[in-house]
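Data file: work07.pdb. Format and content: PDB, C-alpha atoms and all ligand atoms.
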ATOM      1  CA  MET A  14       9.076 -22.305  15.646
ATOM      2  CA  SER A  15       9.672 -18.671  14.735
ATOM      3  CA  GLU A  16       7.393 -15.910  15.958
ATOM      4  CA  LYS A  17       4.679 -14.744  13.555
ATOM      5  CA  GLY A  18       5.514 -11.591  11.598
ATOM      6  CA  LEU A  19       3.613  -8.293  11.765
ATOM      7  CA  LEU A  20       1.120  -7.403   9.050
ATOM      8  CA  ILE A  21       1.433  -3.710   8.163
ATOM      9  CA  VAL A  22      -1.150  -2.030   5.964
ATOM     10  CA  LEU A  23       0.106   1.182   4.389
ATOM     11  CA  SER A  24      -2.414   3.406   2.634
ATOM     12  CA  ALA A  25      -2.013   6.796   1.031
ATOM     13  CA  PRO A  26      -3.391   8.630  -1.942
ATOM     14  CA  SER A  27      -1.684   7.680  -5.189
ATOM     15  CA  GLY A  28       1.440   9.813  -5.729
ATOM     16  CA  CYS A  29       1.992  10.465  -2.016
ATOM     17  CA  GLY A  30       5.121   8.317  -2.026
ATOM     18  CA  LYS A  31       4.069   4.882  -0.739
ATOM     19  CA  SER A  32       6.248   2.942  -3.175
ATOM     20  CA  THR A  33       9.196   5.217  -2.414
ATOM     21  CA  VAL A  34       8.763   4.787   1.360
ATOM     22  CA  VAL A  35       8.250   1.004   1.114
ATOM     23  CA  HIS A  36      11.329   0.658  -1.081
ATOM     24  CA  ALA A  37      13.418   2.675   1.407
ATOM     25  CA  LEU A  38      12.071   0.599   4.323
ATOM     26  CA  MET A  39      13.040  -2.637   2.586
ATOM     27  CA  GLN A  40      16.557  -1.291   1.959
ATOM     28  CA  ARG A  41      16.877  -0.770   5.697
ATOM     29  CA  ARG A  42      15.232  -4.004   6.877
ATOM     30  CA  GLN A  43      15.840  -7.532   5.674
ATOM     31  CA  ASN A  44      12.871  -8.929   7.589
ATOM     32  CA  VAL A  45      10.153  -7.085   5.640
ATOM     33  CA  SER A  46       8.384  -8.551   2.602
ATOM     34  CA  PHE A  47       6.290  -6.557   0.178
ATOM     35  CA  SER A  48       3.008  -8.176  -0.793
ATOM     36  CA  VAL A  49       2.712  -8.084  -4.584
ATOM     37  CA  SER A  50      -0.907  -7.393  -5.540
ATOM     38  CA  ALA A  51      -2.783  -8.489  -8.640
ATOM     39  CA  THR A  52      -4.228  -5.697 -10.755
ATOM     40  CA  THR A  53      -6.110  -5.202 -13.998
ATOM     41  CA  ARG A  54      -4.340  -1.838 -14.490
ATOM     42  CA  ALA A  55      -1.875  -1.624 -17.385
ATOM     43  CA  PRO A  56       1.789  -1.587 -16.305
ATOM     44  CA  ARG A  57       3.413   1.858 -16.080
ATOM     45  CA  GLU A  58       6.749   2.354 -17.754
ATOM     46  CA  GLY A  59       9.406   0.579 -15.691
ATOM     47  CA  GLU A  60       6.987  -1.638 -13.755
ATOM     48  CA  VAL A  61       7.831  -5.329 -13.754
ATOM     49  CA  ASP A  62       5.255  -8.143 -13.670
ATOM     50  CA  GLY A  63       5.646 -10.179 -10.483
ATOM     51  CA  ARG A  64       7.718  -7.471  -8.779
ATOM     52  CA  ASP A  65       5.473  -4.392  -8.732
ATOM     53  CA  TYR A  66       2.196  -6.162  -9.478
ATOM     54  CA  PHE A  67       0.870  -9.301 -11.082
ATOM     55  CA  PHE A  68      -0.726  -7.745 -14.162
ATOM     56  CA  VAL A  69      -3.798  -9.822 -15.002
ATOM     57  CA  THR A  70      -6.843  -9.613 -17.236
ATOM     58  CA  ARG A  71     -10.243  -8.819 -15.771
ATOM     59  CA  GLU A  72     -11.297 -12.441 -16.454
ATOM     60  CA  ARG A  73      -8.339 -13.820 -14.489
ATOM     61  CA  PHE A  74      -8.939 -11.343 -11.662
ATOM     62  CA  ASP A  75     -12.587 -12.423 -11.397
ATOM     63  CA  GLU A  76     -11.539 -16.104 -11.351
ATOM     64  CA  MET A  77      -9.077 -15.442  -8.516
ATOM     65  CA  ALA A  78     -11.725 -13.529  -6.553
ATOM     66  CA  ALA A  79     -14.301 -16.309  -7.051
ATOM     67  CA  ALA A  80     -11.774 -18.931  -5.902
ATOM     68  CA  GLY A  81     -11.210 -16.999  -2.645
ATOM     69  CA  GLU A  82      -7.579 -16.308  -3.500
ATOM     70  CA  PHE A  83      -7.691 -12.706  -2.250
ATOM     71  CA  LEU A  84      -7.315 -11.547   1.337
ATOM     72  CA  GLU A  85      -9.107  -8.393   0.143
ATOM     73  CA  TYR A  86      -9.848  -6.710  -3.168
ATOM     74  CA  ALA A  87     -11.288  -3.453  -4.393
ATOM     75  CA  VAL A  88     -11.922  -1.281  -7.426
ATOM     76  CA  TYR A  89      -9.823   1.901  -7.503
ATOM     77  CA  VAL A  90     -10.218   4.480 -10.282
ATOM     78  CA  SER A  91     -11.713   1.940 -12.752
ATOM     79  CA  ASN A  92      -9.196  -0.857 -12.091
ATOM     80  CA  CYS A  93      -9.325  -3.927  -9.822
ATOM     81  CA  TYR A  94      -6.634  -4.577  -7.214
ATOM     82  CA  GLY A  95      -6.329  -7.574  -4.866
ATOM     83  CA  THR A  96      -3.951  -8.999  -2.267
ATOM     84  CA  PRO A  97      -3.097 -12.690  -2.858
ATOM     85  CA  ARG A  98      -3.846 -14.407   0.446
ATOM     86  CA  GLY A  99      -1.445 -17.384   0.217
ATOM     87  CA  ALA A 100       1.776 -15.389  -0.093
ATOM     88  CA  VAL A 101       0.899 -13.129   2.856
ATOM     89  CA  GLU A 102       0.023 -16.030   5.163
ATOM     90  CA  LYS A 103       3.181 -17.923   4.234
ATOM     91  CA  GLN A 104       5.482 -14.951   4.911
ATOM     92  CA  LEU A 105       3.818 -14.143   8.257
ATOM     93  CA  ALA A 106       4.064 -17.769   9.351
ATOM     94  CA  ALA A 107       7.777 -17.702   8.495
ATOM     95  CA  GLY A 108       8.197 -14.774  10.924
ATOM     96  CA  ARG A 109       8.597 -12.063   8.289
ATOM     97  CA  ASP A 110       6.847  -8.700   8.543
ATOM     98  CA  VAL A 111       4.619  -8.120   5.524
ATOM     99  CA  ILE A 112       3.681  -4.735   4.131
ATOM    100  CA  LEU A 113       0.546  -4.234   2.079
ATOM    101  CA  ASP A 114       0.359  -1.106  -0.097
ATOM    102  CA  ILE A 115      -3.406  -0.996  -0.494
ATOM    103  CA  ASP A 116      -6.233   1.499  -0.689
ATOM    104  CA  VAL A 117      -8.645   2.544   2.051
ATOM    105  CA  GLN A 118     -11.380   0.047   1.114
ATOM    106  CA  GLY A 119      -8.883  -2.824   1.209
ATOM    107  CA  ALA A 120      -7.370  -1.652   4.499
ATOM    108  CA  PHE A 121     -10.667  -1.988   6.340
ATOM    109  CA  GLN A 122     -11.329  -5.413   4.788
ATOM    110  CA  VAL A 123      -7.928  -6.521   6.142
ATOM    111  CA  ARG A 124      -8.717  -5.091   9.582
ATOM    112  CA  SER A 125     -11.872  -7.260   9.684
ATOM    113  CA  ALA A 126     -10.173 -10.394   8.336
ATOM    114  CA  MET A 127      -6.943 -10.030  10.360
ATOM    115  CA  PRO A 128      -7.486  -7.825  13.431
ATOM    116  CA  ASP A 129      -3.783  -8.031  14.378
ATOM    117  CA  ALA A 130      -2.882  -5.949  11.321
ATOM    118  CA  VAL A 131      -1.506  -2.441  11.963
ATOM    119  CA  LEU A 132      -3.030   0.238   9.758
ATOM    120  CA  VAL A 133      -0.752   3.147   8.832
ATOM    121  CA  PHE A 134      -1.841   6.099   6.704
ATOM    122  CA  LEU A 135       0.786   8.104   4.838
ATOM    123  CA  LEU A 136      -0.325  11.708   4.345
ATOM    124  CA  PRO A 137       1.002  14.185   1.782
ATOM    125  CA  PRO A 138       2.279  17.478   3.253
ATOM    126  CA  SER A 139      -0.501  19.219   1.227
ATOM    127  CA  TYR A 140      -2.778  18.612  -1.800
ATOM    128  CA  GLU A 141      -0.648  21.046  -3.819
ATOM    129  CA  GLU A 142       2.430  18.937  -3.083
ATOM    130  CA  LEU A 143       0.513  15.753  -3.955
ATOM    131  CA  GLU A 144      -0.459  17.182  -7.347
ATOM    132  CA  LYS A 145       3.176  18.185  -7.941
ATOM    133  CA  ARG A 146       4.345  14.639  -7.185
ATOM    134  CA  LEU A 147       1.763  13.068  -9.501
ATOM    135  CA  VAL A 148       2.792  15.432 -12.310
ATOM    136  CA  LEU A 149       6.493  14.946 -11.568
ATOM    137  CA  ARG A 150       6.159  11.160 -11.646
ATOM    138  CA  GLY A 151       4.977  11.705 -15.208
ATOM    139  CA  LYS A 152       3.342   8.285 -15.534
ATOM    140  CA  ASP A 153      -0.374   9.199 -15.641
ATOM    141  CA  ALA A 154      -2.390  11.211 -18.182
ATOM    142  CA  PRO A 155      -3.755  14.588 -16.938
ATOM    143  CA  GLU A 156      -7.330  13.248 -16.713
ATOM    144  CA  VAL A 157      -6.129  10.278 -14.630
ATOM    145  CA  ILE A 158      -4.213  12.657 -12.343
ATOM    146  CA  ALA A 159      -7.400  14.727 -11.887
ATOM    147  CA  LYS A 160      -9.333  11.566 -10.897
ATOM    148  CA  ARG A 161      -6.591  10.485  -8.494
ATOM    149  CA  LEU A 162      -6.595  13.916  -6.826
ATOM    150  CA  GLU A 163     -10.347  13.737  -6.413
ATOM    151  CA  ALA A 164     -10.007  10.270  -4.851
ATOM    152  CA  ALA A 165      -7.246  11.636  -2.574
ATOM    153  CA  ARG A 166      -9.574  13.970  -0.680
ATOM    154  CA  ALA A 167     -11.988  11.144   0.170
ATOM    155  CA  GLU A 168      -9.084   8.872   1.151
ATOM    156  CA  CYS A 169      -7.386  11.398   3.451
ATOM    157  CA  ALA A 170     -10.731  11.945   5.204
ATOM    158  CA  ARG A 171     -10.431   8.344   6.484
ATOM    159  CA  ALA A 172      -6.921   8.786   7.897
ATOM    160  CA  PRO A 173      -8.242   9.342  11.461
ATOM    161  CA  GLU A 174      -9.592   5.756  11.451
ATOM    162  CA  TYR A 175      -6.091   4.315  10.966
ATOM    163  CA  ASP A 176      -3.922   3.222  13.913
ATOM    164  CA  PHE A 177      -1.076   5.590  12.925
ATOM    165  CA  ARG A 178      -0.582   8.579  10.593
ATOM    166  CA  ILE A 179       2.758   9.614   9.103
ATOM    167  CA  VAL A 180       3.338  12.726   6.967
ATOM    168  CA  ASN A 181       5.605  12.014   3.996
ATOM    169  CA  ASP A 182       7.418  15.334   3.871
ATOM    170  CA  ASP A 183      10.891  13.819   3.818
ATOM    171  CA  VAL A 184      11.323  10.159   2.775
ATOM    172  CA  GLU A 185      14.077   9.242   5.236
ATOM    173  CA  ARG A 186      12.200  10.865   8.131
ATOM    174  CA  ALA A 187       8.939   9.116   7.161
ATOM    175  CA  VAL A 188      10.707   5.733   6.981
ATOM    176  CA  THR A 189      12.255   6.271  10.411
ATOM    177  CA  GLU A 190       8.806   7.014  11.791
ATOM    178  CA  LEU A 191       7.425   3.866  10.139
ATOM    179  CA  GLU A 192      10.217   1.827  11.714
ATOM    180  CA  SER A 193       9.331   3.296  15.130
ATOM    181  CA  VAL A 194       5.692   2.285  14.612
ATOM    182  CA  ILE A 195       6.686  -1.286  13.704
ATOM    183  CA  ASP A 196       9.083  -1.632  16.633
ATOM    184  CA  GLY A 197       6.646   0.026  19.041
ATOM    185  CA  VAL A 198       3.794  -2.337  18.151
ATOM    186  CA  LYS A 199       6.074  -5.383  18.371
ATOM    187  CA  ASN A 200       7.376  -4.344  21.780
ATOM    188  CA  GLU A 201       3.862  -3.745  23.030
ATOM    189  CA  ARG A 202       2.757  -7.216  21.913
ATOM    190  CA  GLN A 203       5.698  -9.129  23.379
TER     191      GLN A 203
HETATM  192  P1  LIG B 301       2.792   6.168  -4.689
HETATM  193  O1  LIG B 301       3.449   4.828  -4.618
HETATM  194  O2  LIG B 301       2.185   6.592  -3.393
HETATM  195  O3  LIG B 301       1.811   6.294  -5.817
HETATM  196  P2  LIG B 301       5.436   7.137  -5.519
HETATM  197  O4  LIG B 301       6.322   6.451  -4.530
HETATM  198  O5  LIG B 301       5.422   6.634  -6.933
HETATM  199  O6  LIG B 301       3.929   7.268  -4.966
HETATM  200  O7  LIG B 301       5.866   8.691  -5.493
HETATM  201  C1  LIG B 301       5.286   9.648  -6.366
HETATM  202  C2  LIG B 301       6.346  10.703  -6.750
HETATM  203  O8  LIG B 301       6.674  11.496  -5.601
HETATM  204  C3  LIG B 301       7.649  10.081  -7.238
HETATM  205  O9  LIG B 301       8.161  10.872  -8.310
HETATM  206  C4  LIG B 301       8.544  10.138  -5.984
HETATM  207  O10 LIG B 301       9.920  10.213  -6.345
HETATM  208  C5  LIG B 301       8.068  11.439  -5.323
HETATM  209  N1  LIG B 301       8.204  11.418  -3.835
HETATM  210  C6  LIG B 301       7.929  10.423  -2.976
HETATM  211  N2  LIG B 301       8.147  10.811  -1.691
HETATM  212  C7  LIG B 301       8.568  12.087  -1.744
HETATM  213  C8  LIG B 301       8.958  13.059  -0.749
HETATM  214  N3  LIG B 301       8.933  12.788   0.559
HETATM  215  N4  LIG B 301       9.322  14.292  -1.171
HETATM  216  C9  LIG B 301       9.338  14.591  -2.498
HETATM  217  N5  LIG B 301       8.984  13.736  -3.492
HETATM  218  C10 LIG B 301       8.605  12.495  -3.128
HETATM  219  P1  LIG B 302      -1.553   2.480  -8.394
HETATM  220  O1  LIG B 302      -2.392   2.282  -9.623
HETATM  221  O2  LIG B 302      -1.145   3.940  -8.228
HETATM  222  O3  LIG B 302      -0.378   1.540  -8.341
HETATM  223  O4  LIG B 302      -2.445   2.127  -7.131
HETATM  224  C1  LIG B 302      -3.676   2.752  -6.951
HETATM  225  C2  LIG B 302      -4.202   2.450  -5.572
HETATM  226  O5  LIG B 302      -4.495   1.059  -5.450
HETATM  227  C3  LIG B 302      -3.221   2.795  -4.451
HETATM  228  O6  LIG B 302      -3.954   3.438  -3.420
HETATM  229  C4  LIG B 302      -2.741   1.434  -3.985
HETATM  230  O7  LIG B 302      -2.384   1.446  -2.619
HETATM  231  C5  LIG B 302      -3.981   0.598  -4.216
HETATM  232  N1  LIG B 302      -3.700  -0.838  -4.279
HETATM  233  C6  LIG B 302      -2.623  -1.467  -4.796
HETATM  234  N2  LIG B 302      -2.726  -2.789  -4.617
HETATM  235  C7  LIG B 302      -3.899  -3.006  -3.969
HETATM  236  C8  LIG B 302      -4.553  -4.179  -3.478
HETATM  237  O8  LIG B 302      -4.100  -5.307  -3.598
HETATM  238  N3  LIG B 302      -5.746  -3.995  -2.883
HETATM  239  C9  LIG B 302      -6.305  -2.768  -2.711
HETATM  240  N4  LIG B 302      -7.475  -2.705  -2.078
HETATM  241  N5  LIG B 302      -5.716  -1.643  -3.147
HETATM  242  C10 LIG B 302      -4.517  -1.763  -3.767
END
Do you think you could lay out the structure here as structure tokens?
Amino acid sequence: MSEKGLLIVLSAPSGCGKSTVVHALMQRRQNVSFSVSATTRAPREGEVDGRDYFFVTRERFDEMAAAGEFLEYAVYVSNCYGTPRGAVEKQLAAGRDVILDIDVQGAFQVRSAMPDAVLVFLLPPSYEELEKRLVLRGKDAPEVIAKRLEAARAECARAPEYDFRIVNDDVERAVTELESVIDGVKNERQ
């Protein structure tokens, strides 16, 4: 039987570059799966159902939550987000590392449910840079960006509670640091 994979929780304020870093990590490593969350948020331009998120109605989300289908779930800036439990457990059992791109509330739910999970917080180089990235991404209305920036301050305040912190100044450098964290934890647990 193969060894169980590592569960990696990656949190960061929206716009910090989580998706970019996760994408780059998966280009480098074949053994990492991305956990596709369910959300009630509307798809952004270019997002694909089943790849970026499972886009569901609020009714469907509530049904899934009631049926215990989520490993964790939370409300973030007026929308619901949840991690489907089955897919994560299956990938870990198959020996694959699984990365969850989830918010702070979800991260601590995962730590309680699965204490072996490694919690990594991706920090922006500064709030000014974070605002620039949100504007540059060009996918959210100005009032949504303002709300996300407000949420960012509260989120970054919880970074010290994570197992590791990585500053996303340069994508390739941040991914290398994330790889070192993954390898370091695996070596330690051998
Ligand atoms: P998140 O998934 O955290 O919401 P994204 O990955 O969508 O963030 O990144 C937000 C924007 O910032 C995108 O336009 C992305 O290209 C840009 N970005 C990500 N990482 C960096 C970086 N290290 N330096 C400069 N821009 C970045
Ligand atoms: P976005 O709308 O920008 O894609 O995501 C907003 C926030 O929700 C981000 O912080 C992202 O990490 C978080 N998020 C995405 N999926 C989940 C999930 O399944 N559970 C939780 N708790 N947060 C999630």
Protein and nucleic residues near ligand LIG 302 (chain B), 8 Å, all atoms listed in the file, as a ChimeraX atom specification: /A:23-28,31,49-52,54,66,85-90,92-97,113-120
How far is it from atom CA of Val188 of chain A to atom CA of Val35 of chain A, in Å with one decimal? 7.9 Å
Explicit residues for the PyMOL selection byres (((chain A and resi 161) around 10) and not hetatm) (as a ChimeraX atom specification): /A:26-28,89-90,143-144,147,153,155-160,162-166
Can you work out which residues are within 6 Å of ligand LIG 301 (chain B), considering all atoms listed in the file, and then hand them over as number ranges by chain? A: 27-33, 146-147, 149-150, 181-184
Take the residues from that selection and put them in a file with C-alpha atoms, as a compact mmCIF listing (two decimals), keeping the file's coordinate frame.
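Result went into again_6.txt, see below:
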# COMPACT_ATOMS: atom_id res chain seq x y z
CA SER A 27 -1.68 7.68 -5.19
CA GLY A 28 1.44 9.81 -5.73
CA CYS A 29 1.99 10.46 -2.02
CA GLY A 30 5.12 8.32 -2.03
CA LYS A 31 4.07 4.88 -0.74
CA SER A 32 6.25 2.94 -3.18
CA THR A 33 9.20 5.22 -2.41
CA ARG A 146 4.34 14.64 -7.18
CA LEU A 147 1.76 13.07 -9.50
CA LEU A 149 6.49 14.95 -11.57
CA ARG A 150 6.16 11.16 -11.65
CA ASN A 181 5.60 12.01 4.00
CA ASP A 182 7.42 15.33 3.87
CA ASP A 183 10.89 13.82 3.82
CA VAL A 184 11.32 10.16 2.78
When you count only C-alpha atoms, which of these residues is closest to Ala130 of chain A: A:Gly108, A:Ile21, A:Glu72, A:Phe47?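 So, comparing all the options, the nearest one is A:Ile21.
If all atoms listed in the file are the atoms counted, then among A:Arg178, A:Arg98, A:Arg64, A:Lys145 the closest residue to Ala126 of chain A is A:Arg98.
The interatomic distance for the pair atom CA of Tyr175 of chain A and atom CA of Ala100 of chain A works out to 23.9 Å.
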For atom CA of Ala107 of chain A and atom CA of Gly18 of chain A, the interatomic separation in Å (one decimal): 7.2 Å
Please list, as a PyMOL selection string, the residues that have an atom at most 9 Å away from (5.9, -4.1, 6.0) in the coordinates of this file, counting all atoms listed in the file. chain A and resi 19-23+35+38-39+44-48+109-114+195
Find the residue from A:Glu174, A:Ala154, A:Gly81, A:Leu135 that sits nearest to Glu190 of chain A; use only C-alpha atoms when measuring.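 When distances to Glu190 of chain A are compared using only C-alpha atoms, the smallest one comes from A:Leu135.
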Since the input is missing atoms, can you rebuild N, CA and C atoms for segment 146-161 of chain A and write them as a PDB file, in the frame of the given file?
ATOM      1  N   ARG A 146       3.683  15.958  -7.116  1.00  0.00           N
ATOM      2  CA  ARG A 146       4.345  14.639  -7.185  1.00  0.00           C
ATOM      3  C   ARG A 146       3.737  13.786  -8.296  1.00  0.00           C
ATOM      4  N   LEU A 147       2.417  13.857  -8.445  1.00  0.00           N
ATOM      5  CA  LEU A 147       1.763  13.068  -9.501  1.00  0.00           C
ATOM      6  C   LEU A 147       2.244  13.542 -10.874  1.00  0.00           C
ATOM      7  N   VAL A 148       2.348  14.862 -11.033  1.00  0.00           N
ATOM      8  CA  VAL A 148       2.792  15.432 -12.310  1.00  0.00           C
ATOM      9  C   VAL A 148       4.259  15.077 -12.540  1.00  0.00           C
ATOM     10  N   LEU A 149       5.057  15.218 -11.472  1.00  0.00           N
ATOM     11  CA  LEU A 149       6.493  14.946 -11.568  1.00  0.00           C
ATOM     12  C   LEU A 149       6.777  13.488 -11.920  1.00  0.00           C
ATOM     13  N   ARG A 150       5.963  12.595 -11.355  1.00  0.00           N
ATOM     14  CA  ARG A 150       6.159  11.160 -11.646  1.00  0.00           C
ATOM     15  C   ARG A 150       5.996  10.926 -13.140  1.00  0.00           C
ATOM     16  N   GLY A 151       5.101  11.710 -13.751  1.00  0.00           N
ATOM     17  CA  GLY A 151       4.977  11.705 -15.208  1.00  0.00           C
ATOM     18  C   GLY A 151       4.481  10.400 -15.807  1.00  0.00           C
ATOM     19  N   LYS A 152       3.750   9.600 -15.021  1.00  0.00           N
ATOM     20  CA  LYS A 152       3.342   8.285 -15.534  1.00  0.00           C
ATOM     21  C   LYS A 152       1.839   8.200 -15.805  1.00  0.00           C
ATOM     22  N   ASP A 153       1.075   9.237 -15.432  1.00  0.00           N
ATOM     23  CA  ASP A 153      -0.374   9.199 -15.641  1.00  0.00           C
ATOM     24  C   ASP A 153      -0.806  10.376 -16.521  1.00  0.00           C
ATOM     25  N   ALA A 154      -1.845  10.149 -17.330  1.00  0.00           N
ATOM     26  CA  ALA A 154      -2.390  11.211 -18.182  1.00  0.00           C
ATOM     27  C   ALA A 154      -3.054  12.265 -17.290  1.00  0.00           C
ATOM     28  N   PRO A 155      -3.169  13.523 -17.767  1.00  0.00           N
ATOM     29  CA  PRO A 155      -3.755  14.588 -16.938  1.00  0.00           C
ATOM     30  C   PRO A 155      -5.144  14.249 -16.405  1.00  0.00           C
ATOM     31  N   GLU A 156      -5.976  13.559 -17.207  1.00  0.00           N
ATOM     32  CA  GLU A 156      -7.330  13.248 -16.713  1.00  0.00           C
ATOM     33  C   GLU A 156      -7.282  12.179 -15.606  1.00  0.00           C
ATOM     34  N   VAL A 157      -6.298  11.297 -15.686  1.00  0.00           N
ATOM     35  CA  VAL A 157      -6.129  10.278 -14.630  1.00  0.00           C
ATOM     36  C   VAL A 157      -5.630  10.959 -13.347  1.00  0.00           C
ATOM     37  N   ILE A 158      -4.729  11.919 -13.507  1.00  0.00           N
ATOM     38  CA  ILE A 158      -4.213  12.657 -12.343  1.00  0.00           C
ATOM     39  C   ILE A 158      -5.371  13.391 -11.658  1.00  0.00           C
ATOM     40  N   ALA A 159      -6.254  14.000 -12.452  1.00  0.00           N
ATOM     41  CA  ALA A 159      -7.400  14.727 -11.887  1.00  0.00           C
ATOM     42  C   ALA A 159      -8.280  13.771 -11.078  1.00  0.00           C
ATOM     43  N   LYS A 160      -8.514  12.566 -11.611  1.00  0.00           N
ATOM     44  CA  LYS A 160      -9.333  11.566 -10.897  1.00  0.00           C
ATOM     45  C   LYS A 160      -8.649  11.125  -9.613  1.00  0.00           C
ATOM     46  N   ARG A 161      -7.343  10.936  -9.672  1.00  0.00           N
ATOM     47  CA  ARG A 161      -6.591  10.485  -8.494  1.00  0.00           C
ATOM     48  C   ARG A 161      -6.598  11.566  -7.396  1.00  0.00           C
TER      49      ARG A 161
END
